$ cat protein-v7.txt   # compact mmCIF, C-alpha atoms
# COMPACT_ATOMS: atom_id res chain seq x y z
CA MET A 1 -16.55 -10.19 16.89
CA GLU A 2 -20.18 -10.98 17.71
CA THR A 3 -19.15 -14.39 19.07
CA SER A 4 -18.49 -12.57 22.36
CA ASN A 5 -22.19 -11.64 22.43
CA VAL A 6 -23.56 -15.18 22.72
CA MET A 7 -25.53 -16.00 25.86
CA LYS A 8 -24.37 -18.85 28.13
CA GLN A 9 -25.57 -22.19 26.73
CA ASN A 10 -27.53 -25.24 27.97
CA GLN A 11 -30.64 -23.43 29.25
CA HIS A 12 -28.48 -21.19 31.50
CA TYR A 13 -29.84 -17.96 30.03
CA ASN A 14 -33.45 -19.20 30.14
CA LEU A 15 -33.05 -20.06 33.83
CA ASN A 16 -31.24 -16.87 34.87
CA SER A 17 -32.83 -13.99 32.97
CA THR A 18 -35.76 -12.82 35.12
CA PRO A 19 -34.73 -9.13 34.78
CA GLN A 20 -34.95 -9.50 31.00
CA LEU A 21 -38.37 -11.15 31.38
CA ALA A 22 -39.57 -8.20 33.49
CA THR A 23 -38.40 -5.94 30.65
CA ILE A 24 -40.51 -7.88 28.16
CA GLN A 25 -43.57 -7.85 30.42
CA LYS A 26 -43.26 -4.06 30.59
CA SER A 27 -43.40 -4.02 26.78
CA PHE A 28 -46.90 -5.55 26.59
CA SER A 29 -48.61 -2.15 26.36
CA TYR A 30 -46.17 -1.15 23.61
CA ILE A 31 -46.91 -4.36 21.73
CA GLN A 32 -50.62 -3.52 22.01
CA LYS A 33 -49.95 -0.01 20.72
CA ALA A 34 -47.86 -1.34 17.84
CA VAL A 35 -50.60 -3.75 16.74
CA GLU A 36 -53.17 -0.96 16.93
CA GLU A 37 -50.92 1.13 14.68
CA HIS A 38 -50.25 -1.76 12.26
CA LYS A 39 -51.54 -0.74 8.82
CA ALA A 40 -49.76 -3.09 6.41
CA LYS A 41 -52.06 -4.74 3.91
CA PHE A 42 -52.50 -8.50 3.72
CA ASN A 43 -55.13 -10.98 2.57
CA SER A 44 -56.36 -14.29 3.94
CA GLU A 45 -53.79 -16.28 1.94
CA ASP A 46 -50.70 -14.27 2.86
CA VAL A 47 -48.09 -15.46 5.32
CA PHE A 48 -48.08 -13.05 8.28
CA SER A 49 -44.44 -12.86 9.39
CA ILE A 50 -43.41 -11.92 12.93
CA VAL A 51 -39.69 -11.65 13.67
CA ASP A 52 -37.93 -11.52 17.02
CA TYR A 53 -34.46 -10.09 16.45
CA GLY A 54 -32.12 -11.44 19.14
CA CYS A 55 -34.30 -14.20 20.58
CA SER A 56 -31.53 -15.90 22.62
CA HIS A 57 -32.67 -19.25 24.07
CA GLY A 58 -36.37 -18.56 23.69
CA ALA A 59 -38.04 -18.50 27.11
CA ASN A 60 -38.41 -14.72 27.22
CA SER A 61 -38.83 -14.37 23.47
CA PHE A 62 -41.74 -16.81 23.55
CA VAL A 63 -43.55 -14.59 26.09
CA ALA A 64 -43.20 -11.57 23.80
CA VAL A 65 -44.32 -13.50 20.72
CA GLN A 66 -47.39 -14.84 22.51
CA ALA A 67 -48.30 -11.28 23.53
CA ILE A 68 -48.00 -10.19 19.89
CA ILE A 69 -50.18 -13.07 18.70
CA GLN A 70 -52.80 -12.32 21.34
CA ALA A 71 -52.95 -8.66 20.29
CA LEU A 72 -53.24 -9.68 16.63
CA THR A 73 -56.11 -12.09 17.29
CA GLN A 74 -57.92 -9.34 19.18
CA LYS A 75 -57.57 -7.00 16.19
CA TYR A 76 -57.91 -9.37 13.24
CA GLY A 77 -59.72 -12.38 14.71
CA PRO A 78 -58.56 -15.89 15.69
CA THR A 79 -58.08 -17.09 12.09
CA ILE A 80 -54.99 -14.87 11.79
CA GLU A 81 -53.10 -17.59 13.73
CA ASN A 82 -53.37 -19.87 10.69
CA GLN A 83 -51.31 -17.35 8.69
CA ILE A 84 -48.67 -16.49 11.27
CA SER A 85 -45.08 -17.56 10.82
CA VAL A 86 -42.69 -16.61 13.65
CA ILE A 87 -39.01 -16.24 12.78
CA TYR A 88 -36.66 -16.42 15.76
CA ASN A 89 -33.38 -14.69 14.93
CA ASP A 90 -30.04 -14.86 16.71
CA LEU A 91 -26.38 -15.60 16.01
CA PRO A 92 -25.42 -19.01 14.58
CA GLN A 93 -23.79 -20.00 17.91
CA ASN A 94 -27.08 -19.54 19.79
CA ASP A 95 -28.51 -22.45 21.78
CA TRP A 96 -31.11 -23.37 19.16
CA THR A 97 -32.05 -26.64 20.85
CA SER A 98 -33.28 -24.74 23.90
CA LEU A 99 -35.07 -22.26 21.65
CA PHE A 100 -37.10 -24.91 19.83
CA GLN A 101 -37.93 -26.77 23.02
CA VAL A 102 -39.74 -23.59 24.01
CA ALA A 103 -41.12 -22.62 20.59
CA SER A 104 -42.65 -26.08 20.09
CA GLN A 105 -45.27 -25.16 22.71
CA SER A 106 -46.93 -22.84 20.18
CA SER A 107 -49.37 -23.91 17.49
CA VAL A 108 -48.10 -21.35 14.96
CA THR A 109 -45.28 -22.03 12.51
CA SER A 110 -41.85 -21.39 14.06
CA LEU A 111 -38.67 -20.91 12.05
CA ALA A 112 -35.08 -19.95 12.90
CA SER A 113 -32.61 -17.51 11.39
CA GLY A 114 -29.01 -17.97 12.50
CA LYS A 115 -27.62 -14.68 11.28
CA SER A 116 -26.53 -11.34 12.73
CA PHE A 117 -29.35 -8.79 12.83
CA TYR A 118 -26.83 -6.26 11.56
CA GLN A 119 -27.48 -7.94 8.22
CA GLN A 120 -30.72 -8.38 6.29
CA ILE A 121 -32.47 -11.50 7.63
CA LEU A 122 -35.48 -11.90 5.35
CA PRO A 123 -36.49 -10.84 1.84
CA SER A 124 -37.51 -7.21 1.39
CA ASN A 125 -41.12 -6.21 1.98
CA THR A 126 -42.14 -9.41 3.80
CA VAL A 127 -42.28 -8.68 7.56
CA GLN A 128 -45.46 -7.51 9.31
CA ILE A 129 -44.31 -7.22 12.93
CA GLY A 130 -40.74 -6.84 14.15
CA TYR A 131 -39.71 -7.08 17.80
CA THR A 132 -36.43 -6.88 19.67
CA SER A 133 -35.66 -6.74 23.38
CA THR A 134 -32.36 -6.39 25.27
CA ALA A 135 -30.34 -7.27 22.18
CA ASN A 136 -28.99 -4.48 20.01
CA HIS A 137 -26.99 -2.82 22.76
CA TRP A 138 -24.48 -5.54 21.77
CA LEU A 139 -22.17 -4.12 19.12
CA SER A 140 -21.23 -5.96 15.93
CA LYS A 141 -17.53 -5.55 16.71
CA LYS A 142 -15.23 -3.99 19.28
CA PRO A 143 -14.07 -0.60 17.98
CA CYS A 144 -10.96 -0.57 20.19
CA ASN A 145 -9.70 -1.96 23.47
CA LEU A 146 -10.66 -0.04 26.59
CA ARG A 147 -7.35 0.31 28.40
CA GLU A 148 -8.57 0.85 31.97
CA HIS A 149 -11.99 -0.78 32.28
CA CYS A 150 -14.24 -3.42 30.69
CA PHE A 151 -17.20 -1.08 30.05
CA ALA A 152 -17.26 1.99 27.81
CA PHE A 153 -19.25 3.96 30.40
CA GLY A 154 -17.18 2.69 33.32
CA GLY A 155 -15.77 6.17 34.01
CA LYS A 156 -12.26 5.31 32.81
CA SER A 157 -12.60 5.62 29.03
CA SER A 158 -10.57 8.27 27.26
CA THR A 159 -12.30 10.82 25.04
CA GLU A 160 -10.97 9.00 21.98
CA GLU A 161 -12.17 5.60 23.22
CA LEU A 162 -15.66 6.92 23.93
CA LYS A 163 -15.76 8.55 20.51
CA MET A 164 -14.85 5.28 18.79
CA TRP A 165 -17.43 3.27 20.74
CA SER A 166 -20.07 5.93 20.07
CA MET A 167 -19.32 5.89 16.34
CA GLN A 168 -19.52 2.09 16.23
CA ALA A 169 -22.84 2.16 18.09
CA ALA A 170 -24.23 4.75 15.66
CA GLU A 171 -23.08 2.73 12.65
CA ASP A 172 -24.59 -0.47 14.06
CA TYR A 173 -27.89 1.18 14.92
CA ARG A 174 -28.15 2.62 11.42
CA LEU A 175 -27.48 -0.82 9.94
CA PHE A 176 -30.05 -2.44 12.21
CA LEU A 177 -32.77 0.03 11.22
CA GLN A 178 -31.78 0.04 7.55
CA HIS A 179 -32.18 -3.73 7.26
CA ARG A 180 -35.44 -3.70 9.22
CA SER A 181 -36.74 -0.96 6.92
CA ASN A 182 -35.92 -3.19 3.93
CA GLU A 183 -37.65 -6.19 5.45
CA LEU A 184 -40.81 -4.52 6.75
CA LYS A 185 -43.83 -4.01 4.55
CA LYS A 186 -45.24 -0.51 4.22
CA GLY A 187 -47.39 0.12 7.31
CA ALA A 188 -45.70 -2.69 9.30
CA VAL A 189 -44.41 -1.98 12.80
CA LEU A 190 -41.23 -2.49 14.81
CA VAL A 191 -41.08 -2.63 18.61
CA CYS A 192 -37.60 -1.93 20.01
CA VAL A 193 -36.83 -2.45 23.70
CA ASN A 194 -33.23 -1.54 24.42
CA LEU A 195 -30.86 -1.04 27.31
CA SER A 196 -30.46 2.70 27.49
CA ARG A 197 -29.11 5.57 29.55
CA ILE A 198 -30.07 9.10 30.52
CA ASP A 199 -26.63 10.55 29.74
CA VAL A 200 -22.93 9.68 29.82
CA ASN A 201 -22.92 10.24 33.60
CA ASP A 202 -25.64 7.65 34.29
CA THR A 203 -23.81 5.57 36.91
CA GLY A 204 -26.59 3.61 38.63
CA ILE A 205 -25.47 0.24 37.31
CA LEU A 206 -21.72 0.79 37.45
CA PRO A 207 -21.23 -1.52 40.48
CA ILE A 208 -21.93 -4.46 38.14
CA TYR A 209 -19.15 -3.46 35.76
CA HIS A 210 -16.72 -2.38 38.47
CA ASN A 211 -17.16 -5.80 40.07
CA LEU A 212 -16.65 -7.55 36.73
CA TYR A 213 -13.45 -5.60 36.11
CA ARG A 214 -12.17 -6.15 39.66
CA SER A 215 -12.72 -9.88 39.18
CA ALA A 216 -10.91 -9.77 35.84
CA ILE A 217 -7.89 -8.00 37.36
CA THR A 218 -7.66 -10.83 39.88
CA VAL A 219 -7.64 -13.76 37.43
CA LEU A 220 -6.44 -12.55 34.01
CA ASP A 221 -2.99 -11.94 32.57
CA GLN A 222 -2.26 -8.38 31.40
CA ASP A 223 -2.82 -9.09 27.70
CA GLU A 224 -6.11 -10.85 28.48
CA LEU A 225 -7.21 -8.00 30.76
CA LEU A 226 -6.66 -5.51 27.95
CA ASN A 227 -8.89 -7.63 25.71
CA TYR A 228 -11.56 -8.06 28.37
CA ASN A 229 -14.22 -5.61 27.17
CA ILE A 230 -17.99 -6.05 27.44
CA GLN A 231 -19.05 -5.29 23.88
CA GLU A 232 -22.05 -3.16 24.89
CA TYR A 233 -23.10 0.41 24.29
CA PHE A 234 -26.21 1.90 25.90
CA ARG A 235 -27.72 4.45 23.52
CA SER A 236 -29.67 7.40 24.80
CA LEU A 237 -33.31 7.81 23.78
CA GLU A 238 -32.25 10.75 21.62
CA GLU A 239 -29.71 8.62 19.76
CA GLN A 240 -32.39 6.03 19.05
CA THR A 241 -35.09 8.45 17.87
CA ASP A 242 -33.06 10.95 15.83
CA PRO A 243 -35.71 12.43 13.45
CA SER A 244 -33.33 12.79 10.50
CA LEU A 245 -32.21 9.15 10.78
CA LEU A 246 -35.77 7.82 11.04
CA LYS A 247 -36.88 9.95 8.08
CA GLU A 248 -33.93 8.79 5.97
CA LEU A 249 -34.77 5.14 6.69
CA SER A 250 -38.51 5.57 6.09
CA PHE A 251 -39.69 5.18 9.67
CA GLU A 252 -42.39 7.05 11.53
CA LEU A 253 -42.04 7.36 15.30
CA ILE A 254 -45.23 6.23 17.04
CA CYS A 255 -43.98 6.52 20.64
CA ALA A 256 -40.76 6.43 22.68
CA ASP A 257 -40.38 6.21 26.45
CA LEU A 258 -37.65 5.57 28.99
CA HIS A 259 -38.33 3.40 32.06
CA LEU A 260 -36.28 2.43 35.09
CA LEU A 261 -37.51 -0.99 36.19
CA GLU A 262 -37.02 -2.70 39.52
CA ASN A 263 -34.55 -5.56 39.60
CA PRO A 264 -36.68 -8.63 40.50
CA ILE A 265 -33.72 -10.46 42.05
CA TYR A 266 -32.98 -7.58 44.42
CA GLN A 267 -36.69 -7.17 45.18
CA ASP A 268 -36.81 -10.81 46.28
CA TYR A 269 -33.94 -10.09 48.67
CA TYR A 270 -35.43 -6.78 49.88
CA GLN A 271 -38.76 -8.48 50.61
CA LYS A 272 -36.88 -11.23 52.50
CA ASN A 273 -37.96 -13.98 50.11
CA ILE A 274 -34.29 -14.95 49.76
CA ASN A 275 -31.29 -14.44 52.04
CA LEU A 276 -27.99 -12.74 51.16
CA GLU A 277 -26.24 -15.90 49.97
CA GLU A 278 -29.20 -16.80 47.77
CA PHE A 279 -29.20 -13.26 46.36
CA ILE A 280 -25.46 -13.49 45.63
CA GLU A 281 -25.91 -16.78 43.76
CA LYS A 282 -28.97 -15.69 41.75
CA TYR A 283 -27.47 -12.31 40.89
CA THR A 284 -24.12 -13.80 39.88
CA GLU A 285 -25.75 -16.37 37.60
CA PHE A 286 -27.88 -13.61 36.03
CA ILE A 287 -24.75 -11.58 35.20
CA ARG A 288 -22.92 -14.72 34.10
CA SER A 289 -25.71 -15.68 31.70
CA TRP A 290 -25.02 -12.71 29.42
CA SER A 291 -21.38 -11.85 30.11
CA GLU A 292 -19.44 -15.11 30.30
CA SER A 293 -18.76 -15.17 26.55
CA SER A 294 -16.92 -11.84 26.94
CA LEU A 295 -14.64 -13.48 29.50
CA ILE A 296 -13.97 -16.63 27.48
CA SER A 297 -13.32 -14.71 24.25
CA CYS A 298 -10.56 -12.60 25.85
CA LEU A 299 -8.52 -15.60 26.97
CA ARG A 300 -5.35 -16.54 25.10
CA LYS A 301 -5.88 -19.07 22.34
CA ASP A 302 -3.33 -21.44 23.88
CA ARG A 303 -5.47 -21.86 27.01
CA THR A 304 -6.84 -25.38 27.28
CA LYS A 305 -10.52 -25.98 27.94
CA GLU A 306 -9.60 -27.09 31.45
CA GLU A 307 -7.71 -23.83 32.04
CA GLN A 308 -10.63 -21.82 30.70
CA MET A 309 -13.03 -23.55 33.08
CA LYS A 310 -10.74 -22.97 36.07
CA ILE A 311 -10.33 -19.28 35.21
CA SER A 312 -14.08 -18.91 34.75
CA GLU A 313 -14.88 -20.48 38.12
CA LYS A 314 -12.25 -18.38 39.87
CA PHE A 315 -13.58 -15.26 38.17
CA TRP A 316 -17.16 -15.88 39.29
CA ASN A 317 -16.08 -16.73 42.81
CA GLU A 318 -14.34 -13.34 42.90
CA PHE A 319 -17.53 -11.74 41.59
CA ARG A 320 -19.54 -13.40 44.38
CA ASN A 321 -17.01 -12.21 46.95
CA GLY A 322 -17.31 -8.68 45.60
CA ILE A 323 -21.06 -8.66 46.26
CA ARG A 324 -20.53 -10.25 49.65
CA LEU A 325 -18.01 -7.58 50.69
CA GLN A 326 -19.92 -4.60 49.28
CA GLY A 327 -23.45 -5.69 50.19
CA ALA A 328 -26.55 -6.42 48.12
CA GLU A 329 -27.79 -2.83 48.37
CA LEU A 330 -25.06 -1.59 46.04
CA PHE A 331 -26.52 -3.83 43.32
CA GLU A 332 -30.12 -2.70 43.78
CA ASN A 333 -30.31 -0.57 40.65
CA ASN A 334 -31.50 -1.87 37.32
CA LEU A 335 -30.70 -0.53 33.88
CA TYR A 336 -32.81 2.03 32.05
CA ARG A 337 -34.84 0.61 29.18
CA SER A 338 -36.10 2.45 26.12
CA TYR A 339 -39.44 1.39 24.61
CA ILE A 340 -39.86 2.54 21.02
CA VAL A 341 -42.54 1.80 18.43
CA LEU A 342 -41.80 2.60 14.78
CA ARG A 343 -43.93 2.21 11.66
CA LYS A 344 -42.56 1.72 8.14
CA LEU A 345 -43.58 4.51 5.78

$ encode --input "protein-v7.txt" --output "structure tokens"
Amino acid sequence: METSNVMKQNQHYNLNSTPQLATIQKSFSYIQKAVEEHKAKFNSEDVFSIVDYGCSHGANSFVAVQAIIQALTQKYGPTIENQISVIYNDLPQNDWTSLFQVASQSSVTSLASGKSFYQQILPSNTVQIGYTSTANHWLSKKPCNLREHCFAFGGKSSTEELKMWSMQAAEDYRLFLQHRSNELKKGAVLVCVNLSRIDVNDTGILPIYHNLYRSAITVLDQDELLNYNIQEYFRSLEEQTDPSLLKELSFELICADLHLLENPIYQDYYQKNINLEEFIEKYTEFIRSWSESSLISCLRKDRTKEEQMKISEKFWNEFRNGIRLQGAELFENNLYRSYIVLRKL
């Protein structure tokens, strides 16, 4: 279920997602390119709809949206702002209060859509600019339990398990693009920034997931451990830009690149701006911000809220200890990101 894909609430994600912000900042040139390639027709009385698919709590999303608006005003003039309506999309359980505290800083119209982006969000032929960042690596559902690890690419998945997760990821990606194709106007553009990988043997970020699983082994019962899976799948660039799929769904590929970004939390430690204990705390809260729902959702339904909180705190203390024992250097690597610009045909 997608309920395991909800970011940690009460501003936690906004305060602990600097790596995701760095990912968005890297997308500015792709936003500029997308706006340059925008060819959808509109007149001075039309609503100009911008959608962020998977906005989370808003702090990072707002930065991306402002970059889009700035590029649009450069191309079409400042009056375009009077026509812009921004739709922030995420799951119903999202922290919408935090989102609108951020979105209220903008002068343009801001709306919310509490619906899975694996469904159609808006009426067909209405969207001018679509954007998504660090979102659709989350799958719509878990295809099967991973018996020996929490991560599909953790090196312990069977051939059959990997096949099932790959098929689910392909089905979800098709659905995502199909619904965006329906929503976008002809000549409109979609910027997709996704967690990605070079190949199945891309192991640079495995220490994160090994440490998560080690922590889970320590605190969870056997049935809970079996259910503890991070519902993510990192698609390769080739999977995301398959020519036959794009053609079938009426998309034209404008550009597609893969980047390996520095982890800003580790860079702070490397440059001696923070000490080891500060790195451990910042890094743990960053991982916690996007993965805690996976932990809570695997717990038995008869667990009380108090039990859940105790298990969670014990889990994250184990995670901290894992970094402390292994050293910050093991957690230096960041994830690959794909930057893709598509135009609706």

$ closest_residue --input "protein-v7.txt" --among "A:Cys298, A:Leu122, A:Val65, A:Leu72" --to "Leu184 of chain A" --atoms "all atoms listed in the file"
A:Leu122

$ axis_aligned_box --input "protein-v7.txt" --around "segment 188-199 of chain A" --padding-each-side "4 Å" --output "JSON"
{"center_x": -36.2, "center_y": 3.9, "center_z": 19.9, "size_x": 27.1, "size_y": 21.2, "size_z": 29.2}

$ atom_distance --input "protein-v7.txt" --atom1 "atom CA of Leu212 of chain A" --atom2 "atom CA of Gln231 of chain A"
13.3 Å

$ residues_around --input "protein-v7.txt" --residues "Lys33 of chain A" --least-positions-apart "5" --cutoff "9 Å" --atoms "all atoms listed in the file" --output "number ranges by chain"
A: 28, 38, 254-255, 341

$ atom_distance --input "protein-v7.txt" --atom1 "atom CA of Leu226 of chain A" --atom2 "atom CA of Asp172 of chain A"
23.2 Å

$ residues_around --input "protein-v7.txt" --residues "Leu195 of chain A" --least-positions-apart "2" --cutoff "8 Å" --atoms "only C-alpha atoms" --output "PyMOL selection string"
chain A and resi 134+137+193+197+234-235+335-338

$ atom_distance --input "protein-v7.txt" --atom1 "atom CA of Asp221 of chain A" --atom2 "atom CA of Glu292 of chain A"
16.9 Å

$ residues_around --input "protein-v7.txt" --residues "Ile230 of chain A" --least-positions-apart "3" --cutoff "6 Å" --atoms "only C-alpha atoms" --output "VMD selection string"
chain A and resid 150 to 151 294

$ residues_around --input "protein-v7.txt" --residues "Ala103 of chain A" --least-positions-apart "2" --cutoff "10 Å" --atoms "all atoms listed in the file" --output "PyMOL selection string"
chain A and resi 57-59+61-62+65+86+88+97-101+105-111

$ residues_around --input "protein-v7.txt" --residues "Ala67 of chain A" --least-positions-apart "5" --cutoff "12 Å" --atoms "all atoms listed in the file" --output "VMD selection string"
chain A and resid 24 to 35 50 60 to 62 72 to 74 131

$ residues_near_point --input "protein-v7.txt" --point "(-40.6, -3.1, 0.2)" --cutoff "8 Å" --atoms "all atoms listed in the file" --output "PDB file with C-alpha atoms, in the frame of the given file"
ATOM      1  CA  SER A 124     -37.510  -7.210   1.390  1.00  0.00           C
ATOM      2  CA  ASN A 125     -41.120  -6.210   1.980  1.00  0.00           C
ATOM      3  CA  THR A 126     -42.140  -9.410   3.800  1.00  0.00           C
ATOM      4  CA  ASN A 182     -35.920  -3.190   3.930  1.00  0.00           C
ATOM      5  CA  GLU A 183     -37.650  -6.190   5.450  1.00  0.00           C
ATOM      6  CA  LEU A 184     -40.810  -4.520   6.750  1.00  0.00           C
ATOM      7  CA  LYS A 185     -43.830  -4.010   4.550  1.00  0.00           C
ATOM      8  CA  LYS A 186     -45.240  -0.510   4.220  1.00  0.00           C
TER       9      LYS A 186
END

$ closest_residue --input "protein-v7.txt" --among "A:Tyr283, A:Tyr209, A:Phe117, A:Phe42" --to "Ala188 of chain A" --atoms "only C-alpha atoms"
A:Phe42

$ closest_residue --input "protein-v7.txt" --among "A:Glu232, A:Asp268, A:Glu81, A:Glu45" --to "Trp290 of chain A" --atoms "all atoms listed in the file"
A:Glu232

$ closest_residue --input "protein-v7.txt" --among "A:Val127, A:Ile205, A:His179, A:Gln168" --to "Gly155 of chain A" --atoms "only C-alpha atoms"
A:Ile205

$ residues_near_point --input "protein-v7.txt" --point "(-39.9, 3.5, 20.1)" --cutoff "6 Å" --atoms "only C-alpha atoms" --output "mmCIF file with C-alpha atoms, keeping the file's coordinate frame"
data_model
loop_
_atom_site.group_PDB
_atom_site.id
_atom_site.type_symbol
_atom_site.label_atom_id
_atom_site.label_comp_id
_atom_site.auth_asym_id
_atom_site.auth_seq_id
_atom_site.Cartn_x
_atom_site.Cartn_y
_atom_site.Cartn_z
ATOM 1 C CA CYS A 192 -37.600 -1.930 20.010
ATOM 2 C CA CYS A 255 -43.980 6.520 20.640
ATOM 3 C CA ALA A 256 -40.760 6.430 22.680
ATOM 4 C CA TYR A 339 -39.440 1.390 24.610
ATOM 5 C CA ILE A 340 -39.860 2.540 21.020
ATOM 6 C CA VAL A 341 -42.540 1.800 18.430
ATOM 7 C CA LEU A 342 -41.800 2.600 14.780
#

$ closest_residue --input "protein-v7.txt" --among "A:Lys272, A:Lys75, A:Lys141, A:Lys282" --to "Met167 of chain A" --atoms "all atoms listed in the file"
A:Lys141

$ closest_residue --input "protein-v7.txt" --among "A:Leu245, A:Val219, A:Cys144, A:Val191" --to "Ala170 of chain A" --atoms "all atoms listed in the file"
A:Leu245

$ decode --input "protein-v7.txt" --residues "segment 302-309 of chain A" --atoms "all heavy atoms" --output "short mmCIF file (atom, residue, chain, number, x, y, z; two decimals), in the first residue's frame"
data_model
loop_
_atom_site.label_atom_id
_atom_site.label_comp_id
_atom_site.auth_asym_id
_atom_site.auth_seq_id
_atom_site.Cartn_x
_atom_site.Cartn_y
_atom_site.Cartn_z
N ASP A 302 -1.63 -5.26 16.45
CA ASP A 302 -1.97 -5.22 17.86
C ASP A 302 -0.95 -4.43 18.68
O ASP A 302 -1.08 -4.31 19.91
CB ASP A 302 -2.11 -6.63 18.43
CG ASP A 302 -0.82 -7.45 18.35
OD1 ASP A 302 0.14 -6.98 17.70
OD2 ASP A 302 -0.78 -8.56 18.92
N ARG A 303 0.05 -3.86 18.04
CA ARG A 303 1.01 -3.00 18.74
C ARG A 303 0.31 -1.70 19.14
O ARG A 303 -0.36 -1.06 18.33
CB ARG A 303 2.18 -2.66 17.83
CG ARG A 303 3.04 -3.85 17.42
CD ARG A 303 4.08 -4.18 18.45
NE ARG A 303 5.16 -5.00 17.92
CZ ARG A 303 6.08 -5.58 18.67
NH1 ARG A 303 6.07 -5.41 19.99
NH2 ARG A 303 7.04 -6.29 18.12
N THR A 304 0.49 -1.29 20.38
CA THR A 304 -0.06 -0.01 20.81
C THR A 304 0.81 1.12 20.26
O THR A 304 1.95 0.90 19.83
CB THR A 304 -0.11 0.09 22.34
OG1 THR A 304 1.25 0.09 22.84
CG2 THR A 304 -0.88 -1.08 22.94
N LYS A 305 0.27 2.33 20.30
CA LYS A 305 1.04 3.49 19.86
C LYS A 305 2.32 3.64 20.68
O LYS A 305 3.38 4.00 20.16
CB LYS A 305 0.19 4.76 19.98
CG LYS A 305 -0.92 4.88 18.95
CD LYS A 305 -0.35 5.13 17.56
CE LYS A 305 -1.47 5.35 16.54
NZ LYS A 305 -0.90 5.50 15.17
N GLU A 306 2.20 3.36 21.97
CA GLU A 306 3.37 3.45 22.85
C GLU A 306 4.43 2.43 22.45
O GLU A 306 5.63 2.75 22.40
CB GLU A 306 2.95 3.22 24.30
CG GLU A 306 4.09 3.40 25.30
CD GLU A 306 3.66 3.19 26.74
OE1 GLU A 306 2.46 2.91 26.97
OE2 GLU A 306 4.52 3.30 27.63
N GLU A 307 4.01 1.21 22.12
CA GLU A 307 4.95 0.19 21.66
C GLU A 307 5.61 0.61 20.35
O GLU A 307 6.81 0.43 20.17
CB GLU A 307 4.23 -1.14 21.46
CG GLU A 307 3.89 -1.89 22.73
CD GLU A 307 3.18 -3.19 22.44
OE1 GLU A 307 2.12 -3.16 21.78
OE2 GLU A 307 3.69 -4.25 22.86
N GLN A 308 4.81 1.14 19.45
CA GLN A 308 5.35 1.59 18.16
C GLN A 308 6.43 2.65 18.35
O GLN A 308 7.48 2.61 17.71
CB GLN A 308 4.22 2.15 17.28
CG GLN A 308 3.25 1.10 16.77
CD GLN A 308 2.17 1.70 15.89
OE1 GLN A 308 2.25 2.85 15.47
NE2 GLN A 308 1.14 0.92 15.63
N MET A 309 6.16 3.60 19.24
CA MET A 309 7.13 4.67 19.50
C MET A 309 8.42 4.11 20.09
O MET A 309 9.52 4.52 19.71
CB MET A 309 6.52 5.72 20.43
CG MET A 309 5.44 6.57 19.79
SD MET A 309 4.68 7.73 20.94
CE MET A 309 6.10 8.74 21.38
#
